[in-house]
$ cat entry33.txt   # compact mmCIF, C-alpha atoms
# COMPACT_ATOMS: atom_id res chain seq x y z
CA MET A 1 101.88 108.58 70.59
CA TYR A 2 100.43 111.43 72.63
CA PHE A 3 98.75 110.96 76.02
CA VAL A 4 96.59 113.92 77.05
CA VAL A 5 95.58 115.00 80.56
CA SER A 6 94.35 118.20 82.15
CA ASP A 7 93.78 119.74 85.58
CA VAL A 8 95.91 117.26 87.52
CA HIS A 9 96.22 119.86 90.30
CA SER A 10 99.17 118.22 92.07
CA PHE A 11 97.40 114.91 92.71
CA TRP A 12 100.13 112.44 91.84
CA ASP A 13 98.40 109.13 92.59
CA PRO A 14 95.37 109.58 90.28
CA PHE A 15 97.66 111.11 87.64
CA GLU A 16 100.00 108.12 87.72
CA ALA A 17 97.04 105.71 87.77
CA ALA A 18 95.51 107.32 84.68
CA LEU A 19 98.79 107.18 82.74
CA THR A 20 99.36 103.56 83.72
CA ALA A 21 95.82 102.54 82.76
CA SER A 22 96.28 104.24 79.38
CA GLY A 23 99.53 102.41 78.69
CA PHE A 24 101.94 105.30 79.12
CA ASN A 25 105.52 104.08 79.46
CA GLN A 26 107.92 106.54 81.02
CA ASN A 27 110.85 104.72 79.39
CA ASP A 28 109.38 104.75 75.87
CA ASN A 29 110.68 107.79 74.00
CA ASN A 30 107.74 107.51 71.59
CA HIS A 31 105.29 108.19 74.40
CA LYS A 32 104.68 111.91 74.83
CA LEU A 33 102.49 113.83 77.24
CA ILE A 34 100.23 116.80 76.54
CA VAL A 35 99.09 118.68 79.64
CA CYS A 36 96.14 121.00 78.96
CA GLY A 37 96.98 123.26 81.89
CA ASP A 38 96.56 123.36 85.67
CA MET A 39 99.20 120.78 86.44
CA LEU A 40 99.76 122.26 89.90
CA ASP A 41 97.94 123.71 92.95
CA ARG A 42 95.35 122.29 95.36
CA GLY A 43 96.82 118.80 95.81
CA PRO A 44 99.60 117.43 98.03
CA ASP A 45 102.19 116.42 95.43
CA SER A 46 103.37 119.55 93.64
CA LEU A 47 107.05 118.64 93.67
CA LYS A 48 106.46 115.08 92.49
CA CYS A 49 104.22 116.23 89.63
CA TRP A 50 106.63 119.01 88.70
CA ASN A 51 109.70 116.78 88.64
CA PHE A 52 107.88 114.26 86.46
CA ILE A 53 106.82 116.72 83.76
CA LYS A 54 110.16 118.58 83.90
CA ASN A 55 111.99 115.32 83.13
CA LEU A 56 109.67 114.71 80.18
CA TYR A 57 110.27 118.25 78.94
CA ASP A 58 114.03 117.77 79.12
CA GLU A 59 113.55 114.64 76.98
CA ASN A 60 111.45 116.60 74.45
CA ARG A 61 108.40 114.52 75.33
CA LEU A 62 106.13 117.16 76.89
CA VAL A 63 103.69 119.70 75.51
CA TYR A 64 102.68 121.97 78.38
CA VAL A 65 99.66 124.14 77.58
CA ARG A 66 99.33 126.97 80.04
CA GLY A 67 96.29 127.05 82.32
CA ASN A 68 94.82 129.68 84.60
CA HIS A 69 96.60 128.10 87.58
CA GLU A 70 99.98 128.61 85.93
CA ASP A 71 98.97 132.27 85.67
CA LEU A 72 97.80 132.29 89.30
CA LEU A 73 101.14 130.87 90.40
CA GLU A 74 102.96 133.73 88.70
CA ASP A 75 100.53 136.30 90.14
CA CYS A 76 100.92 134.89 93.65
CA LEU A 77 104.70 135.03 93.50
CA PHE A 78 104.53 138.64 92.36
CA GLU A 79 102.28 139.52 95.31
CA LEU A 80 104.55 137.77 97.80
CA LYS A 81 107.58 139.67 96.49
CA THR A 82 105.85 143.07 96.51
CA THR A 83 102.76 143.77 98.60
CA GLY A 84 102.54 140.46 100.41
CA LEU A 85 99.63 138.08 99.98
CA ASP A 86 96.53 140.23 99.48
CA ASN A 87 94.28 137.97 97.42
CA ASN A 88 92.45 135.18 99.22
CA CYS A 89 91.98 133.30 95.93
CA HIS A 90 95.55 132.07 96.33
CA ILE A 91 94.49 130.31 99.52
CA SER A 92 91.24 128.84 98.15
CA ASN A 93 92.92 127.79 94.90
CA GLY A 94 95.87 126.19 96.65
CA THR A 95 98.44 128.39 94.93
CA ILE A 96 100.08 129.32 98.20
CA ARG A 97 100.40 125.64 99.07
CA THR A 98 102.31 124.94 95.87
CA ILE A 99 104.74 127.79 96.49
CA ALA A 100 105.23 126.65 100.09
CA ASP A 101 105.99 123.12 98.86
CA PHE A 102 108.48 124.40 96.30
CA CYS A 103 110.21 126.56 98.92
CA ASP A 104 110.02 124.03 101.77
CA VAL A 105 108.37 126.52 104.11
CA ALA A 106 105.05 126.49 105.94
CA GLU A 107 102.02 128.01 104.21
CA VAL A 108 101.34 130.16 107.26
CA ASP A 109 104.78 131.76 106.93
CA LEU A 110 103.95 132.90 103.41
CA MET A 111 100.44 134.04 104.34
CA TYR A 112 101.68 136.29 107.13
CA LYS A 113 105.03 137.19 105.57
CA THR A 114 107.19 135.63 108.26
CA PHE A 115 109.81 134.65 105.70
CA LEU A 116 112.87 136.04 104.00
CA PRO A 117 112.61 137.04 100.32
CA SER A 118 115.39 134.56 99.63
CA ASN A 119 113.01 131.78 100.72
CA LEU A 120 111.07 132.32 97.48
CA ILE A 121 114.02 131.62 95.17
CA PRO A 122 113.18 127.92 94.55
CA ALA A 123 109.63 128.81 93.47
CA GLU A 124 110.89 131.71 91.35
CA GLU A 125 113.27 129.39 89.52
CA ILE A 126 110.49 126.89 88.82
CA MET A 127 108.22 129.71 87.64
CA LYS A 128 110.87 130.84 85.16
CA GLN A 129 111.00 127.31 83.78
CA ILE A 130 107.21 127.07 83.58
CA ASN A 131 107.13 130.34 81.62
CA GLN A 132 109.67 128.91 79.18
CA MET A 133 107.89 125.58 78.86
CA THR A 134 104.25 126.60 78.48
CA VAL A 135 102.37 127.49 75.31
CA ASP A 136 98.91 128.98 74.79
CA TYR A 137 97.81 126.14 72.52
CA PHE A 138 99.09 123.15 70.59
CA GLU A 139 97.84 121.91 67.22
CA LEU A 140 97.97 118.33 66.03
CA ALA A 141 96.30 117.67 62.68
CA ASN A 142 92.62 118.60 63.16
CA TYR A 143 92.88 119.00 66.94
CA VAL A 144 93.69 122.06 69.04
CA PHE A 145 94.73 121.57 72.67
CA VAL A 146 93.96 124.45 75.05
CA HIS A 147 93.04 124.98 78.68
CA GLY A 148 89.69 126.79 78.79
CA TRP A 149 89.00 127.82 75.19
CA VAL A 150 90.52 129.91 72.42
CA PRO A 151 90.07 133.72 72.45
CA THR A 152 86.58 134.87 71.51
CA VAL A 153 84.90 138.12 70.51
CA VAL A 154 81.40 139.32 71.39
CA THR A 155 79.08 140.33 68.55
CA PRO A 156 75.36 141.16 68.41
CA MET A 157 73.13 138.29 67.39
CA GLU A 158 71.41 138.89 64.06
CA GLY A 159 68.04 140.57 64.67
CA SER A 160 68.62 140.78 68.42
CA PHE A 161 70.10 143.08 71.02
CA TYR A 162 71.62 140.11 72.84
CA PRO A 163 75.34 139.49 72.35
CA LYS A 164 76.87 136.23 71.19
CA GLN A 165 80.44 135.02 71.50
CA ARG A 166 82.28 133.59 68.54
CA VAL A 167 85.86 132.45 68.06
CA ALA A 168 88.18 135.30 67.13
CA ALA A 169 89.39 135.00 63.53
CA ASP A 170 92.94 135.64 64.74
CA TRP A 171 92.67 133.31 67.72
CA ARG A 172 96.20 131.96 67.29
CA THR A 173 97.79 135.40 67.68
CA ASN A 174 95.04 137.13 69.65
CA PRO A 175 96.38 138.78 72.85
CA ALA A 176 93.44 137.58 74.98
CA TRP A 177 94.78 134.11 75.82
CA LYS A 178 95.05 134.80 79.55
CA GLY A 179 91.33 135.49 79.72
CA ALA A 180 90.51 132.58 77.42
CA ARG A 181 92.02 130.18 79.94
CA TRP A 182 89.05 130.92 82.24
CA LEU A 183 86.32 130.24 79.65
CA ASN A 184 83.85 127.36 79.72
CA GLY A 185 84.65 125.60 76.46
CA MET A 186 81.69 123.23 76.67
CA GLN A 187 79.23 126.11 76.91
CA LEU A 188 80.87 128.17 74.16
CA ASN A 189 81.19 125.25 71.77
CA HIS A 190 77.58 124.16 72.37
CA TYR A 191 76.27 127.60 71.46
CA GLY A 192 78.36 128.01 68.34
CA ALA A 193 81.74 129.49 69.30
CA ARG A 194 83.65 126.78 67.45
CA VAL A 195 87.04 126.68 65.75
CA PRO A 196 86.37 125.99 62.05
CA ASP A 197 87.44 122.52 60.90
CA LYS A 198 89.00 121.74 64.29
CA THR A 199 88.12 119.79 67.40
CA VAL A 200 89.27 121.52 70.57
CA VAL A 201 90.54 119.42 73.47
CA CYS A 202 90.23 121.37 76.70
CA GLY A 203 90.07 121.27 80.47
CA HIS A 204 89.33 123.90 83.12
CA TRP A 205 85.58 123.25 83.47
CA HIS A 206 84.76 119.85 84.94
CA CYS A 207 83.11 117.42 82.52
CA SER A 208 80.16 116.90 84.85
CA TRP A 209 78.98 120.42 84.01
CA GLY A 210 78.56 119.49 80.36
CA TRP A 211 76.93 116.16 81.09
CA SER A 212 74.50 117.80 83.52
CA GLN A 213 73.72 121.12 81.87
CA LEU A 214 73.93 120.20 78.18
CA LYS A 215 72.92 116.53 78.13
CA ASN A 216 70.76 116.37 81.27
CA LYS A 217 72.73 113.45 82.69
CA GLY A 218 73.11 113.64 86.44
CA PRO A 219 73.87 116.51 88.79
CA VAL A 220 76.98 118.65 88.53
CA PHE A 221 78.63 117.65 91.83
CA ASP A 222 77.83 114.20 93.14
CA LEU A 223 80.48 111.49 93.40
CA LYS A 224 77.91 108.74 92.83
CA LYS A 225 75.56 110.33 90.29
CA SER A 226 77.60 112.85 88.30
CA HIS A 227 79.48 112.00 85.10
CA PHE A 228 83.16 112.94 85.07
CA GLU A 229 84.30 110.97 82.01
CA PRO A 230 85.32 112.98 78.91
CA PHE A 231 82.51 115.10 77.47
CA GLU A 232 82.28 115.10 73.68
CA GLU A 233 80.22 117.00 71.14
CA PRO A 234 81.11 118.04 67.59
CA GLY A 235 83.97 120.48 67.97
CA ILE A 236 85.04 119.59 71.49
CA ILE A 237 86.51 116.97 73.80
CA ALA A 238 86.51 118.21 77.42
CA ILE A 239 88.58 116.12 79.83
CA ASP A 240 88.70 117.83 83.25
CA ALA A 241 87.62 115.11 85.71
CA CYS A 242 87.48 117.60 88.64
CA THR A 243 90.41 115.75 90.17
CA ALA A 244 90.46 117.68 93.46
CA PHE A 245 86.92 116.39 94.07
CA THR A 246 86.95 112.95 92.41
CA HIS A 247 90.64 111.97 92.71
CA LYS A 248 90.44 110.80 89.11
CA VAL A 249 92.25 111.98 85.98
CA ASN A 250 90.99 111.48 82.45
CA CYS A 251 93.60 110.48 79.87
CA ILE A 252 92.96 110.25 76.12
CA LYS A 253 95.36 109.27 73.35
CA PHE A 254 96.36 110.36 69.86
CA SER A 255 98.77 109.01 67.28
CA ASP A 256 101.69 111.12 66.11
CA LYS A 257 99.62 111.90 63.02
CA GLY A 258 96.78 113.29 65.09
CA GLU A 259 94.41 110.34 64.93
CA ARG A 260 92.28 109.70 68.02
CA ILE A 261 93.08 106.34 69.64
CA LEU A 262 90.17 104.78 71.50
$ encode --input "entry33.txt" --output "structure tokens"
Amino acid sequence: MYFVVSDVHSFWDPFEAALTASGFNQNDNNHKLIVCGDMLDRGPDSLKCWNFIKNLYDENRLVYVRGNHEDLLEDCLFELKTTGLDNNCHISNGTIRTIADFCDVAEVDLMYKTFLPSNLIPAEEIMKQINQMTVDYFELANYVFVHGWVPTVVTPMEGSFYPKQRVAADWRTNPAWKGARWLNGMQLNHYGARVPDKTVVCGHWHCSWGWSQLKNKGPVFDLKKSHFEPFEEPGIIAIDACTAFTHKVNCIKFSDKGERIL
């Protein structure tokens, strides 16, 4: 059985609560976890979340789909080792906090380069493991698990000068996966950029966007009025619960044969 989460962002308590509520048993070898990217950054529990998924990986019970925050982590480390931190997105996205946690140093020391290069070794070792563990996508029967969306191409709309995005025919091998991790899957799927004969399970964009903008249900950001449960339309299941804002994680389940378990 596969349990699927996304965008945990280093928030251990809601992650653990979601797995428990879904019936995940850490001691059951038949229970596997699919992470649709952004396991780390922003939250307070990077090491705890990392150790948990690394143990599952060592037991061959983890599918780790790479998200844009896994890319950001690698980019931030490169900056720290070369030019020093020169991109404020690593502060706002919490990337620097994750690296500081992994290295057991203060964030301020990394921000102002009051550290020795050797201090980065623990984070570099974890990054090497993340690079070995992560995949761009995972297929299970008629489902594809990604972070943002699959690579797309832009083509003119018939009879119009306006462009339209569609899924690249070679999306599995297309080199544009890093950019695809930033895409809004709900928007693309709704307007026709769908994977033929597949349902894509994705994260990255919080579900409340789809509920608000595509189904006119509630505002985008309101803890009381917005909808953060999984967003579903033909071709997509979006599961990002905006955990850094809601402190909730969505978890859905599939059988080993790729059947959705409700």
$ closest_residue --input "entry33.txt" --among "A:Ile237, A:Ala17, A:Val63, A:Cys242" --to "Glu139 of chain A" --atoms "all atoms listed in the file"
A:Val63
$ closest_residue --input "entry33.txt" --among "A:Asp45, A:Asp38, A:Asp86, A:Asp71" --to "Glu16 of chain A" --atoms "only C-alpha atoms"
A:Asp45
$ closest_residue --input "entry33.txt" --among "A:Leu56, A:Leu40, A:Val65, A:Ala168" --to "Arg194 of chain A" --atoms "only C-alpha atoms"
A:Ala168
$ closest_residue --input "entry33.txt" --among "A:Ala141, A:Val5, A:Ile261, A:Leu73" --to "Asp197 of chain A" --atoms "all atoms listed in the file"
A:Ala141
$ atom_distance --input "entry33.txt" --atom1 "atom CA of Cys103 of chain A" --atom2 "atom CA of Gln26 of chain A"
27.0 Å
$ closest_residue --input "entry33.txt" --among "A:Trp171, A:Lys178, A:Ser22, A:Ser118" --to "His69 of chain A" --atoms "all atoms listed in the file"
A:Lys178
